[in-house]
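Asks: Next up, start_28.txt (compact mmCIF, C-alpha atoms and all ligand atoms).
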# COMPACT_ATOMS: atom_id res chain seq x y z
CA MET A 235 0.00 0.00 0.00
CA SER A 236 1.38 3.39 -1.02
CA THR A 237 1.91 5.97 1.70
CA GLU A 238 0.95 8.79 -0.65
CA ASN A 239 -2.58 10.06 -1.15
CA ARG A 240 -2.70 12.48 -4.04
CA ALA A 241 -6.07 14.09 -4.69
CA ALA A 242 -7.55 16.32 -7.42
CA VAL A 243 -8.59 19.33 -5.34
CA LEU A 244 -10.76 22.20 -6.54
CA HIS A 245 -9.42 25.42 -4.99
CA GLY A 246 -11.62 27.88 -6.85
CA VAL A 247 -13.04 28.60 -10.27
CA ASP A 248 -10.68 27.10 -12.90
CA HIS A 249 -8.21 26.24 -10.20
CA LEU A 250 -7.64 22.51 -9.93
CA ARG A 251 -4.54 21.16 -8.23
CA LEU A 252 -3.08 17.81 -7.18
CA ASP A 253 -2.57 18.00 -3.41
CA GLU A 254 -1.13 15.49 -0.98
CA ARG A 255 -3.75 14.54 1.62
CA PRO A 256 -3.39 12.33 4.72
CA ILE A 257 -4.68 8.78 4.24
CA PRO A 258 -8.00 8.63 6.16
CA THR A 259 -8.83 6.00 8.79
CA PRO A 260 -12.08 4.04 8.36
CA ALA A 261 -14.71 4.30 11.10
CA ALA A 262 -16.18 1.04 12.42
CA ASP A 263 -18.76 0.77 9.61
CA GLU A 264 -16.47 2.05 6.83
CA VAL A 265 -13.80 0.68 4.53
CA LEU A 266 -10.61 2.30 3.25
CA ILE A 267 -10.50 2.05 -0.54
CA ALA A 268 -7.56 2.46 -2.91
CA ILE A 269 -9.24 4.21 -5.83
CA GLY A 270 -8.69 2.72 -9.29
CA ALA A 271 -10.73 4.78 -11.75
CA VAL A 272 -12.97 7.86 -11.53
CA GLY A 273 -15.23 9.11 -14.31
CA ILE A 274 -15.64 12.85 -14.83
CA CYS A 275 -19.27 13.96 -14.59
CA GLY A 276 -20.77 17.14 -15.98
CA SER A 277 -21.22 18.29 -12.37
CA ASP A 278 -17.46 18.03 -11.71
CA VAL A 279 -16.81 20.18 -14.79
CA HIS A 280 -19.51 22.63 -13.65
CA TYR A 281 -17.99 23.01 -10.17
CA LEU A 282 -14.59 23.62 -11.78
CA LYS A 283 -15.94 26.26 -14.18
CA HIS A 284 -18.47 27.99 -11.90
CA GLY A 285 -17.69 27.01 -8.30
CA ARG A 286 -21.33 26.16 -7.62
CA ILE A 287 -24.40 24.26 -8.78
CA GLY A 288 -27.59 25.97 -7.64
CA PRO A 289 -27.54 26.11 -3.84
CA PHE A 290 -24.35 24.02 -3.58
CA VAL A 291 -21.42 26.43 -3.36
CA VAL A 292 -17.78 25.37 -3.09
CA GLU A 293 -16.54 27.44 -0.12
CA ALA A 294 -13.47 25.43 0.84
CA PRO A 295 -11.04 23.27 -1.18
CA MET A 296 -12.90 20.13 -2.25
CA VAL A 297 -11.78 16.89 -3.89
CA LEU A 298 -13.74 16.29 -7.13
CA GLY A 299 -15.17 13.03 -8.51
CA HIS A 300 -18.01 10.71 -7.52
CA GLU A 301 -18.10 7.98 -10.19
CA SER A 302 -15.59 5.50 -8.85
CA GLY A 303 -14.34 2.00 -8.32
CA GLY A 304 -11.46 0.75 -6.19
CA THR A 305 -9.98 -1.95 -4.01
CA VAL A 306 -10.62 -2.36 -0.29
CA VAL A 307 -7.35 -2.10 1.63
CA GLU A 308 -8.66 -1.94 5.21
CA VAL A 309 -12.01 -2.63 6.88
CA GLY A 310 -13.52 -0.94 9.93
CA ALA A 311 -14.00 -2.95 13.14
CA SER A 312 -17.65 -3.88 12.56
CA VAL A 313 -17.54 -4.53 8.79
CA THR A 314 -18.36 -8.12 7.86
CA SER A 315 -19.62 -7.70 4.28
CA LEU A 316 -16.22 -6.88 2.74
CA LYS A 317 -12.60 -7.85 3.20
CA GLU A 318 -9.21 -6.54 2.21
CA GLY A 319 -8.59 -7.12 -1.49
CA ASP A 320 -12.25 -6.94 -2.56
CA ARG A 321 -12.78 -4.75 -5.63
CA VAL A 322 -15.85 -2.55 -5.27
CA ALA A 323 -18.13 -0.06 -6.99
CA ILE A 324 -18.75 2.95 -4.75
CA GLU A 325 -22.28 4.37 -4.48
CA PRO A 326 -21.46 8.01 -3.75
CA GLY A 327 -24.48 9.18 -1.74
CA VAL A 328 -24.75 7.95 1.85
CA PRO A 329 -28.09 9.03 3.36
CA CYS A 330 -29.02 9.57 7.02
CA ARG A 331 -30.80 6.19 7.24
CA ARG A 332 -33.33 7.58 9.78
CA CYS A 333 -35.73 9.88 7.94
CA THR A 334 -39.01 8.83 6.32
CA PHE A 335 -37.44 8.86 2.85
CA CYS A 336 -34.65 6.59 4.01
CA LYS A 337 -37.09 4.29 5.80
CA THR A 338 -39.36 4.02 2.77
CA GLY A 339 -36.55 3.30 0.33
CA ARG A 340 -36.48 6.67 -1.43
CA TYR A 341 -33.17 7.57 0.17
CA ASN A 342 -32.15 9.73 -2.80
CA LEU A 343 -34.62 12.29 -1.40
CA CYS A 344 -33.02 12.28 2.07
CA ALA A 345 -32.15 15.85 3.12
CA GLY A 346 -29.21 14.55 5.12
CA VAL A 347 -27.47 12.68 2.29
CA ARG A 348 -23.69 13.08 2.12
CA PHE A 349 -22.77 12.83 -1.55
CA LEU A 350 -19.17 12.67 -2.79
CA ALA A 351 -17.97 15.92 -4.40
CA THR A 352 -21.10 17.87 -3.44
CA PRO A 353 -19.89 20.64 -1.14
CA PRO A 354 -18.74 20.39 1.57
CA ILE A 355 -18.10 16.64 1.07
CA ASP A 356 -14.83 15.62 -0.58
CA GLY A 357 -15.04 13.43 -3.67
CA SER A 358 -13.21 10.29 -4.72
CA MET A 359 -10.59 11.50 -7.22
CA ALA A 360 -7.84 10.58 -4.79
CA GLY A 361 -5.50 7.74 -3.95
CA TYR A 362 -7.60 6.67 -0.98
CA ILE A 363 -11.04 7.40 0.45
CA VAL A 364 -13.11 5.97 3.29
CA HIS A 365 -16.74 5.09 2.57
CA ALA A 366 -19.69 3.36 4.27
CA ALA A 367 -19.20 -0.36 3.68
CA ASP A 368 -22.85 -0.95 2.80
CA PHE A 369 -22.60 1.59 -0.03
CA CYS A 370 -19.77 -0.41 -1.62
CA TYR A 371 -20.64 -3.31 -3.93
CA ARG A 372 -18.23 -6.20 -4.45
CA LEU A 373 -17.40 -6.77 -8.11
CA PRO A 374 -17.33 -10.16 -9.77
CA ASP A 375 -14.02 -10.92 -11.54
CA ALA A 376 -15.45 -10.05 -14.95
CA VAL A 377 -16.26 -6.44 -14.02
CA GLY A 378 -13.38 -3.95 -14.10
CA LEU A 379 -12.87 -0.80 -12.02
CA GLU A 380 -13.72 1.52 -14.92
CA GLU A 381 -17.01 -0.32 -15.38
CA ALA A 382 -17.53 0.00 -11.63
CA ALA A 383 -17.21 3.76 -12.01
CA MET A 384 -19.77 3.66 -14.84
CA LEU A 385 -22.39 2.10 -12.54
CA GLU A 386 -23.00 5.64 -11.25
CA PRO A 387 -24.25 7.22 -14.51
CA LEU A 388 -25.91 3.89 -15.38
CA SER A 389 -27.81 4.19 -12.10
CA VAL A 390 -29.32 7.49 -13.25
CA GLY A 391 -30.51 5.75 -16.43
CA ILE A 392 -31.96 2.84 -14.47
CA HIS A 393 -33.79 5.16 -12.07
CA ALA A 394 -35.17 7.17 -15.00
CA CYS A 395 -36.43 3.97 -16.64
CA ARG A 396 -38.00 2.80 -13.38
CA ARG A 397 -39.73 6.15 -12.88
CA GLY A 398 -41.12 5.93 -16.40
CA GLY A 399 -42.08 2.26 -16.10
CA VAL A 400 -39.92 1.15 -19.03
CA GLY A 401 -40.31 -2.58 -19.52
CA VAL A 402 -40.57 -5.35 -22.07
CA GLY A 403 -41.88 -3.99 -25.35
CA SER A 404 -41.68 -0.29 -24.39
CA LYS A 405 -41.11 2.32 -27.06
CA VAL A 406 -38.81 4.94 -25.61
CA LEU A 407 -37.55 8.35 -26.72
CA VAL A 408 -34.35 9.70 -25.18
CA THR A 409 -33.64 13.39 -25.80
CA GLY A 410 -29.95 14.23 -25.33
CA ALA A 411 -27.15 11.79 -26.10
CA GLY A 412 -24.56 12.72 -23.49
CA PRO A 413 -23.36 10.14 -20.96
CA ILE A 414 -26.73 10.23 -19.14
CA GLY A 415 -28.81 9.93 -22.31
CA LEU A 416 -26.69 7.00 -23.42
CA THR A 417 -26.86 5.22 -20.06
CA SER A 418 -30.65 5.75 -20.19
CA LEU A 419 -30.59 4.10 -23.62
CA LEU A 420 -28.56 1.16 -22.26
CA ALA A 421 -30.86 0.83 -19.23
CA ALA A 422 -34.00 0.95 -21.41
CA ARG A 423 -32.64 -1.76 -23.71
CA ALA A 424 -31.64 -3.92 -20.73
CA ALA A 425 -35.12 -3.42 -19.22
CA GLY A 426 -36.67 -4.88 -22.37
CA ALA A 427 -37.60 -1.82 -24.42
CA ASP A 428 -37.93 -2.90 -28.03
CA TYR A 429 -37.54 0.49 -29.69
CA VAL A 430 -35.38 3.35 -28.42
CA ALA A 431 -34.96 6.54 -30.43
CA VAL A 432 -32.40 9.19 -29.46
CA THR A 433 -32.18 12.86 -30.39
CA ASP A 434 -29.25 15.28 -30.11
CA PRO A 435 -28.13 18.26 -32.19
CA VAL A 436 -24.55 16.93 -32.18
CA GLU A 437 -24.04 14.37 -34.97
CA GLY A 438 -21.06 12.67 -33.27
CA ARG A 439 -23.24 11.91 -30.27
CA LEU A 440 -26.00 10.47 -32.47
CA ALA A 441 -23.41 8.22 -34.11
CA HIS A 442 -22.39 7.00 -30.66
CA ALA A 443 -26.04 6.36 -29.77
CA SER A 444 -26.43 4.21 -32.88
CA ARG A 445 -23.27 2.26 -32.04
CA VAL A 446 -24.58 1.40 -28.57
CA GLY A 447 -28.04 0.28 -29.64
CA ALA A 448 -30.38 3.14 -30.61
CA ASN A 449 -32.96 1.98 -33.16
CA ALA A 450 -33.29 5.44 -34.63
CA THR A 451 -31.67 8.83 -34.15
CA ALA A 452 -32.57 12.35 -35.18
CA ASN A 453 -31.21 15.87 -35.04
CA PRO A 454 -33.99 17.89 -33.39
CA GLY A 455 -32.93 20.98 -35.33
CA SER A 456 -33.90 19.56 -38.69
CA GLY A 457 -37.59 20.26 -39.40
CA ASP A 458 -40.11 17.92 -37.80
CA ALA A 459 -37.52 15.23 -37.10
CA VAL A 460 -38.83 14.37 -33.63
CA GLN A 461 -42.48 14.23 -34.74
CA GLU A 462 -41.43 11.95 -37.60
CA LEU A 463 -39.72 9.66 -35.10
CA ALA A 464 -42.92 9.63 -33.04
CA GLN A 465 -44.98 8.71 -36.08
CA GLU A 466 -42.60 5.87 -36.95
CA ALA A 467 -42.87 4.57 -33.39
CA GLY A 468 -46.63 5.05 -33.21
CA GLY A 469 -46.08 7.40 -30.24
CA PHE A 470 -43.59 6.78 -27.45
CA ASP A 471 -44.71 5.09 -24.24
CA VAL A 472 -41.99 6.85 -22.29
CA SER A 473 -39.78 9.82 -23.12
CA ILE A 474 -36.70 10.55 -21.04
CA ASP A 475 -35.24 14.02 -21.33
CA CYS A 476 -31.50 14.02 -20.69
CA SER A 477 -30.75 17.48 -22.03
CA GLY A 478 -32.59 20.01 -19.89
CA ALA A 479 -33.34 21.94 -23.09
CA GLU A 480 -36.78 23.56 -23.26
CA SER A 481 -37.33 22.50 -26.87
CA ALA A 482 -36.36 18.91 -26.03
CA VAL A 483 -38.84 18.67 -23.15
CA SER A 484 -41.54 20.21 -25.38
CA ASP A 485 -40.72 17.70 -28.11
CA ALA A 486 -40.81 14.90 -25.55
CA ILE A 487 -44.32 15.84 -24.38
CA SER A 488 -45.64 16.01 -27.95
CA ALA A 489 -43.93 12.78 -29.01
CA THR A 490 -45.32 10.77 -26.09
CA ARG A 491 -48.57 8.87 -26.64
CA SER A 492 -51.64 9.82 -24.60
CA GLY A 493 -51.37 8.25 -21.16
CA GLY A 494 -47.58 7.95 -21.49
CA LYS A 495 -44.83 9.40 -19.32
CA VAL A 496 -42.13 12.02 -19.66
CA VAL A 497 -39.19 11.65 -17.29
CA LEU A 498 -37.26 14.82 -16.51
CA VAL A 499 -33.61 13.97 -15.92
CA GLY A 500 -31.95 16.96 -17.60
CA LEU A 501 -31.43 20.02 -15.45
CA GLY A 502 -31.29 23.18 -17.52
CA ALA A 503 -32.95 26.51 -16.89
CA ASP A 504 -34.95 26.89 -13.68
CA ARG A 505 -38.15 27.66 -15.58
CA LEU A 506 -39.31 26.30 -18.92
CA THR A 507 -42.26 27.16 -21.15
CA LEU A 508 -43.90 23.83 -22.02
CA PRO A 509 -47.07 22.56 -23.76
CA ILE A 510 -48.57 21.92 -20.33
CA VAL A 511 -52.22 21.87 -21.48
CA GLU A 512 -51.33 19.15 -23.95
CA SER A 513 -49.60 17.24 -21.17
CA ALA A 514 -52.71 17.62 -18.97
CA THR A 515 -55.40 16.82 -21.52
CA ARG A 516 -53.59 13.82 -22.98
CA GLU A 517 -52.61 12.62 -19.47
CA VAL A 518 -48.93 12.64 -20.30
CA ASP A 519 -47.35 12.47 -16.83
CA LEU A 520 -44.26 14.55 -16.04
CA LEU A 521 -41.96 12.80 -13.57
CA GLY A 522 -38.94 14.15 -11.71
CA VAL A 523 -35.65 12.36 -11.19
CA PHE A 524 -33.08 13.08 -8.50
CA ARG A 525 -30.10 10.79 -8.82
CA TYR A 526 -31.24 7.22 -7.91
CA ALA A 527 -31.89 4.76 -5.11
CA ASN A 528 -31.52 0.99 -4.93
CA THR A 529 -29.98 0.81 -8.38
CA TYR A 530 -26.41 -0.40 -7.80
CA PRO A 531 -27.20 -4.13 -7.54
CA THR A 532 -29.26 -3.89 -10.74
CA ALA A 533 -26.59 -1.85 -12.51
CA LEU A 534 -23.93 -4.35 -11.51
CA SER A 535 -26.02 -7.26 -12.72
CA MET A 536 -26.67 -5.52 -16.06
CA VAL A 537 -22.95 -4.97 -16.59
CA ALA A 538 -21.76 -8.35 -15.28
CA SER A 539 -24.20 -10.19 -17.54
CA GLY A 540 -23.23 -8.16 -20.60
CA ARG A 541 -26.66 -6.57 -20.96
CA ALA A 542 -25.30 -3.03 -20.60
CA ASP A 543 -21.99 -2.30 -22.31
CA VAL A 544 -20.99 0.74 -20.28
CA ALA A 545 -17.34 0.35 -21.33
CA ALA A 546 -18.44 1.42 -24.83
CA LEU A 547 -19.21 4.88 -23.43
CA ILE A 548 -15.63 5.46 -22.22
CA THR A 549 -13.91 7.46 -24.96
CA ASP A 550 -10.91 9.04 -23.21
CA ARG A 551 -8.50 8.06 -20.43
CA TYR A 552 -5.94 10.09 -18.49
CA PRO A 553 -3.67 9.32 -15.54
CA LEU A 554 -4.32 11.33 -12.37
CA THR A 555 -1.13 13.33 -13.06
CA GLU A 556 -2.89 14.72 -16.17
CA VAL A 557 -6.16 15.54 -14.43
CA GLN A 558 -6.24 19.08 -15.84
CA GLU A 559 -6.05 17.70 -19.40
CA ALA A 560 -8.78 15.22 -18.49
CA PHE A 561 -11.07 18.06 -17.37
CA ASP A 562 -10.21 20.12 -20.46
CA MET A 563 -11.29 17.17 -22.61
CA ALA A 564 -14.48 16.58 -20.58
CA GLY A 565 -15.37 20.28 -20.78
CA ALA A 566 -14.72 20.62 -24.50
CA ALA A 567 -18.10 19.00 -25.28
CA SER A 568 -16.85 17.49 -28.52
CA GLY A 569 -19.18 15.06 -30.26
CA GLU A 570 -16.47 12.39 -30.05
CA THR A 571 -16.06 12.52 -26.27
CA ILE A 572 -18.63 10.79 -24.11
CA LYS A 573 -17.03 9.69 -20.82
CA VAL A 574 -13.56 10.74 -19.69
CA MET A 575 -11.96 8.39 -17.15
CA VAL A 576 -9.18 9.36 -14.76
CA GLU A 577 -6.98 6.39 -13.88
CA VAL A 578 -5.83 6.83 -10.31
CA SER A 579 -3.86 3.61 -9.82
P1 LIG B 601 -24.36 16.45 -21.49
O1 LIG B 601 -24.30 17.93 -21.50
O2 LIG B 601 -23.13 15.69 -21.82
O3 LIG B 601 -25.50 15.96 -22.48
C1 LIG B 601 -26.61 16.72 -22.81
C2 LIG B 601 -26.88 16.50 -24.29
O4 LIG B 601 -28.11 17.13 -24.65
C3 LIG B 601 -25.78 17.09 -25.20
O5 LIG B 601 -25.22 16.07 -26.00
C4 LIG B 601 -26.54 18.16 -26.00
O6 LIG B 601 -26.03 18.29 -27.31
C5 LIG B 601 -27.95 17.60 -25.98
N1 LIG B 601 -29.02 18.56 -26.31
C6 LIG B 601 -29.01 19.92 -26.20
N2 LIG B 601 -30.16 20.43 -26.66
C7 LIG B 601 -30.92 19.39 -27.09
C8 LIG B 601 -32.20 19.28 -27.69
N3 LIG B 601 -32.95 20.34 -27.93
N4 LIG B 601 -32.65 18.03 -27.99
C9 LIG B 601 -31.91 16.94 -27.74
N5 LIG B 601 -30.68 17.00 -27.19
C10 LIG B 601 -30.19 18.20 -26.86
O7 LIG B 601 -24.88 16.04 -20.04
P2 LIG B 601 -25.01 14.62 -19.30
O8 LIG B 601 -23.87 14.44 -18.38
O9 LIG B 601 -25.34 13.56 -20.27
O10 LIG B 601 -26.28 14.94 -18.38
C11 LIG B 601 -27.52 15.20 -19.00
C12 LIG B 601 -28.40 16.08 -18.15
O11 LIG B 601 -28.82 15.37 -17.01
C13 LIG B 601 -27.73 17.34 -17.62
O12 LIG B 601 -28.68 18.41 -17.67
C14 LIG B 601 -27.41 17.00 -16.18
O13 LIG B 601 -27.36 18.14 -15.36
C15 LIG B 601 -28.59 16.13 -15.84
N6 LIG B 601 -28.42 15.18 -14.74
C16 LIG B 601 -29.45 15.08 -13.88
C17 LIG B 601 -29.40 14.16 -12.87
C18 LIG B 601 -30.57 14.05 -11.94
O14 LIG B 601 -30.42 13.46 -10.88
N7 LIG B 601 -31.72 14.59 -12.31
C19 LIG B 601 -28.29 13.33 -12.72
C20 LIG B 601 -27.24 13.44 -13.63
C21 LIG B 601 -27.31 14.37 -14.65
ZN ZN B 602 -32.57 10.14 5.40
Translate the structure described by the file into structure tokens.

Replies:
Amino acid sequence: MSTENRAAVLHGVDHLRLDERPIPTPAADEVLIAIGAVGICGSDVHYLKHGRIGPFVVEAPMVLGHESGGTVVEVGASVTSLKEGDRVAIEPGVPCRRCTFCKTGRYNLCAGVRFLATPPIDGSMAGYIVHAADFCYRLPDAVGLEEAAMLEPLSVGIHACRRGGVGVGSKVLVTGAGPIGLTSLLAARAAGADYVAVTDPVEGRLAHASRVGANATANPGSGDAVQELAQEAGGFDVSIDCSGAESAVSDAISATRSGGKVVLVGLGADRLTLPIVESATREVDLLGVFRYANTYPTALSMVASGRADVAALITDRYPLTEVQEAFDMAGAASGETIKVMVEVS
């Protein structure tokens, strides 16, 4: 075990630095994990560029990263579920466990959740972190640490599909083909959807969607492309917006069959102008999504069984020593880049 613990620390807007941090000691119910790989999320890039997301403001240096996998190197006194040497996927949000949301299984809504790299909680882009043992999931041999990191964005897709009731035979529209749109596509396919269409104004992203299983793609900027998709599908049962764009959510409402569901994953402007009367009179339900709950075992099973090829979404890799370059690539929003992975060890 190395005695160094280098971490990618956000010190202020556009100020990212590798700092040496002390190696933490696990509490009784925690494990110490040597981090292997960490994916860069849009939220990490946003904190780096703006220092805040809505009410969450970075007021002190904070380690970035929350999509991660690693190897257990020490277990706390009361941990029986894991042992040294186990490779794990790390579910980043540890809730209070006591509130009504926690008790009823909707722990993503817990007001007391401590989520990696959401201020003031440090993230996982570091040599070592400690984490609650029951929010770490042991990997079978066939699942690598990068795939473990990808269980986090896949979890958002799974939760979105669950909220929308995607199942065998569903016809699904996904608007936005970034990492979250594409994990929603993978989750919908794995849940049994038989037709998934994806829209995005960026052609490179549509090409990626086709490569990972979209049945049809369209650029929403070209004429009535989305309505044509809807006609082809005979109306979508479920539409999942993964863009936050007003026009995409409007398209999603119109493209969804009467009685269907629109799942709002994308977070864009605070207020949108939407065809709300159409949504009401055709009983197209609008459903919110905040992260996920109870998805990691499902995500792991999807990946381990080969039903969700999350590795196909990883387009770029950098060592921790080149973390600035990794963030530059993630922030460039090129059509060719989907997920940037930082290899820590
Ligand atoms: P991203 O920026 O990489 O992807 C968004 C995609 O939407 C881009 O490819 C963009 O070209 C596309 N887009 C823009 N306008 C569009 C339009 N009119 N129609 C179709 N596509 C359009 O972001 P991401 O990391 O994939 O995340 C997607 C969204 O989900 C973001 O808004 C993010 O904040 C949000 N998010 C929400 C949750 C949650 O818990 N609700 C969790 C994770 C991410
Ligand atoms: Zn709680």

Asks: Residues within 9 Å of (-45.9, 0.2, -26.8), file coordinates, counting only C-alpha atoms: what are they? Give the list as a list in words.

Replies: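 Residues with an atom close enough to that point: Gly403, Ser404, Lys405, Val406, Ala427, Asp428, Tyr429, Ala467, Gly468, Gly469, Phe470, Asp471 and Val472 of chain A.
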
Asks: For atom CA of A:Ala242 and atom CA of A:Ala294, quote the distance in Å rounded to one decimal.

Replies: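 So the two atoms, atom CA of A:Ala242 and atom CA of A:Ala294, lie 13.6 Å apart.
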
Asks: Nearest residue to ligand ZN 602 (chain B) out of A:Ala486, A:Ala345, A:Ala479, A:Leu440, using all atoms listed in the file?

Replies: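 Result for the nearest residue to ligand ZN 602 (chain B): A:Ala345.
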
Asks: So the first atom is atom P2 of ligand LIG 601 (chain B) and the second is atom CA of A:Leu521; what is the distance between them in Å, to one decimal place?

Replies: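 Computing the Euclidean distance for atom P2 of ligand LIG 601 (chain B) and atom CA of A:Leu521 yields 18.0 Å.
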
Asks: Residues of chain A that have any atom at most 7 Å from an atom of ligand LIG 601 (chain B): could you tabulate them with the shortest-distance atom pair and the distance in Å to one decimal, using all atoms listed in the file, ordered by chain and increasing number, as CSV?

Replies:
residue,atom,partner,partner_atom,distance
A:Cys275,CA,B:LIG601,O8,6.0
A:Gly276,CA,B:LIG601,O8,4.8
A:Ser277,CA,B:LIG601,O13,6.8
A:Pro387,CA,B:LIG601,C20,7.0
A:Val390,CA,B:LIG601,C19,6.0
A:Thr409,CA,B:LIG601,C9,4.4
A:Gly410,CA,B:LIG601,N5,3.4
A:Ala411,CA,B:LIG601,O5,4.7
A:Gly412,CA,B:LIG601,O9,3.4
A:Pro413,CA,B:LIG601,O9,4.0
A:Ile414,CA,B:LIG601,O9,3.8
A:Gly415,CA,B:LIG601,O9,5.4
A:Thr433,CA,B:LIG601,C9,4.9
A:Asp434,CA,B:LIG601,N5,3.7
A:Pro435,CA,B:LIG601,O6,5.3
A:Val436,CA,B:LIG601,O6,5.3
A:Arg439,CA,B:LIG601,O5,6.3
A:Pro454,CA,B:LIG601,N4,5.6
A:Cys476,CA,B:LIG601,C11,4.5
A:Ser477,CA,B:LIG601,O4,3.7
A:Gly478,CA,B:LIG601,O12,4.8
A:Ala479,CA,B:LIG601,N2,5.0
A:Glu480,CA,B:LIG601,N3,6.8
A:Ser481,CA,B:LIG601,N3,5.0
A:Ala482,CA,B:LIG601,N3,4.2
A:Leu498,CA,B:LIG601,N7,7.0
A:Val499,CA,B:LIG601,N7,4.1
A:Gly500,CA,B:LIG601,O11,3.6
A:Leu501,CA,B:LIG601,O12,3.9
A:Gly502,CA,B:LIG601,O12,5.4
A:Val523,CA,B:LIG601,N7,4.7
A:Phe524,CA,B:LIG601,O14,3.6
A:Arg525,CA,B:LIG601,O14,3.4
A:Tyr526,CA,B:LIG601,O14,7.0
A:Ala567,CA,B:LIG601,O2,6.9

Asks: Select, from A:Ser236, A:Ser579, A:Ser444, A:Ser456, the residue with the minimum atom-to-atom distance to A:Gly270, counting only C-alpha atoms.

Replies: A:Ser579

Asks: Around ligand ZN 602 (chain B), out to 8 Å and counting all atoms listed in the file, which residues are there? I want them as an NGL selection string.

Replies: :A and (329-337 or 341 or 343-347)

Asks: Just checking: using all atoms listed in the file, which residue out of A:Leu407, A:Leu250, A:Val364, A:Leu385 ends up closest to A:Ser535?

Replies: A:Leu385

Asks: Restricting the calculation to only C-alpha atoms: of A:Asn453, A:Thr237, A:Thr549, A:Ser513, which residue gets closest to A:Tyr362?

Replies: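 Between A:Asn453, A:Thr237, A:Thr549, A:Ser513, the residue approaching A:Tyr362 most closely is A:Thr237.
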
Asks: Find the residue from A:Met359, A:Val306, A:Ala533, A:Val400 that sits nearest to A:Pro553; use only C-alpha atoms when measuring.

Replies: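 Between A:Met359, A:Val306, A:Ala533, A:Val400, the residue approaching A:Pro553 most closely is A:Met359.
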
Asks: Quote the spacing between atom CA of A:Ala452 and atom CA of A:Glu381 in Å to one decimal place.

Replies: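 Computing the Euclidean distance for atom CA of A:Ala452 and atom CA of A:Glu381 yields 28.2 Å.
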
Asks: Out of A:Thr507, A:Val307, A:Met575, A:Gly569, which residue has the shortest atom-to-atom distance to A:Asp485 when counting all atoms listed in the file?

Replies: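 Result for the nearest residue to A:Asp485: A:Thr507.
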
Asks: As a short mmCIF file (atom, residue, chain, number, x, y, z; two decimals) with C-alpha atoms, keeping the file's coordinate frame, please: the residues near A:Pro256 (cut-off 9 Å, only C-alpha atoms, same-chain neighbours under 5 positions excluded).

Replies:
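Now in result-v4.cif:
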data_model
loop_
_atom_site.label_atom_id
_atom_site.label_comp_id
_atom_site.auth_asym_id
_atom_site.auth_seq_id
_atom_site.Cartn_x
_atom_site.Cartn_y
_atom_site.Cartn_z
CA THR A 237 1.91 5.97 1.70
CA GLU A 238 0.95 8.79 -0.65
CA ASN A 239 -2.58 10.06 -1.15
CA ARG A 240 -2.70 12.48 -4.04
#

Asks: Fewer than 4 positions away in the same chain doesn't count, so skip those; otherwise give me all residues within 12 Å of A:Pro531, counting only C-alpha atoms, as a list in words.

Replies: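 Near A:Pro531, the qualifying residues are Val322, Ala323, Ile324, Glu325, Asp368, Phe369, Cys370, Tyr371, Arg372, Leu373, Pro374, Ala382, Leu385, Glu386, Leu388, Ser389, Ile392, Ala527, Ser535, Met536, Val537 and Ala538 of chain A.
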
Asks: Would you kindly return, as a list in words, each protein, DNA or RNA residue with an atom no farther than 12 Å from any atom of A:Met563, considering all atoms listed in the file and excluding same-chain residues fewer than 5 positions away?

Replies: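 The residues satisfying every condition are Ile274, Cys275, Gly276, Val279, Thr549, Asp550, Arg551, Tyr552, Glu556, Val557, Gln558, Ser568, Gly569, Glu570, Thr571, Ile572, Lys573, Val574, Met575 and Val576 of chain A.
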
Asks: Pull the neighbourhood of (-23.7, 14.2, -3.8) for me: all residues within 9 Å in file coordinates, counting all atoms listed in the file, as a short mmCIF file (atom, residue, chain, number, x, y, z; two decimals) with C-alpha atoms, in the frame of the given file.

Replies:
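Saved the output as out-v7.cif:
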data_model
loop_
_atom_site.label_atom_id
_atom_site.label_comp_id
_atom_site.auth_asym_id
_atom_site.auth_seq_id
_atom_site.Cartn_x
_atom_site.Cartn_y
_atom_site.Cartn_z
CA HIS A 300 -18.01 10.71 -7.52
CA PRO A 326 -21.46 8.01 -3.75
CA GLY A 327 -24.48 9.18 -1.74
CA VAL A 328 -24.75 7.95 1.85
CA VAL A 347 -27.47 12.68 2.29
CA ARG A 348 -23.69 13.08 2.12
CA PHE A 349 -22.77 12.83 -1.55
CA LEU A 350 -19.17 12.67 -2.79
CA ALA A 351 -17.97 15.92 -4.40
CA THR A 352 -21.10 17.87 -3.44
CA PRO A 353 -19.89 20.64 -1.14
CA ILE A 355 -18.10 16.64 1.07
CA GLY A 357 -15.04 13.43 -3.67
CA ARG A 525 -30.10 10.79 -8.82
#
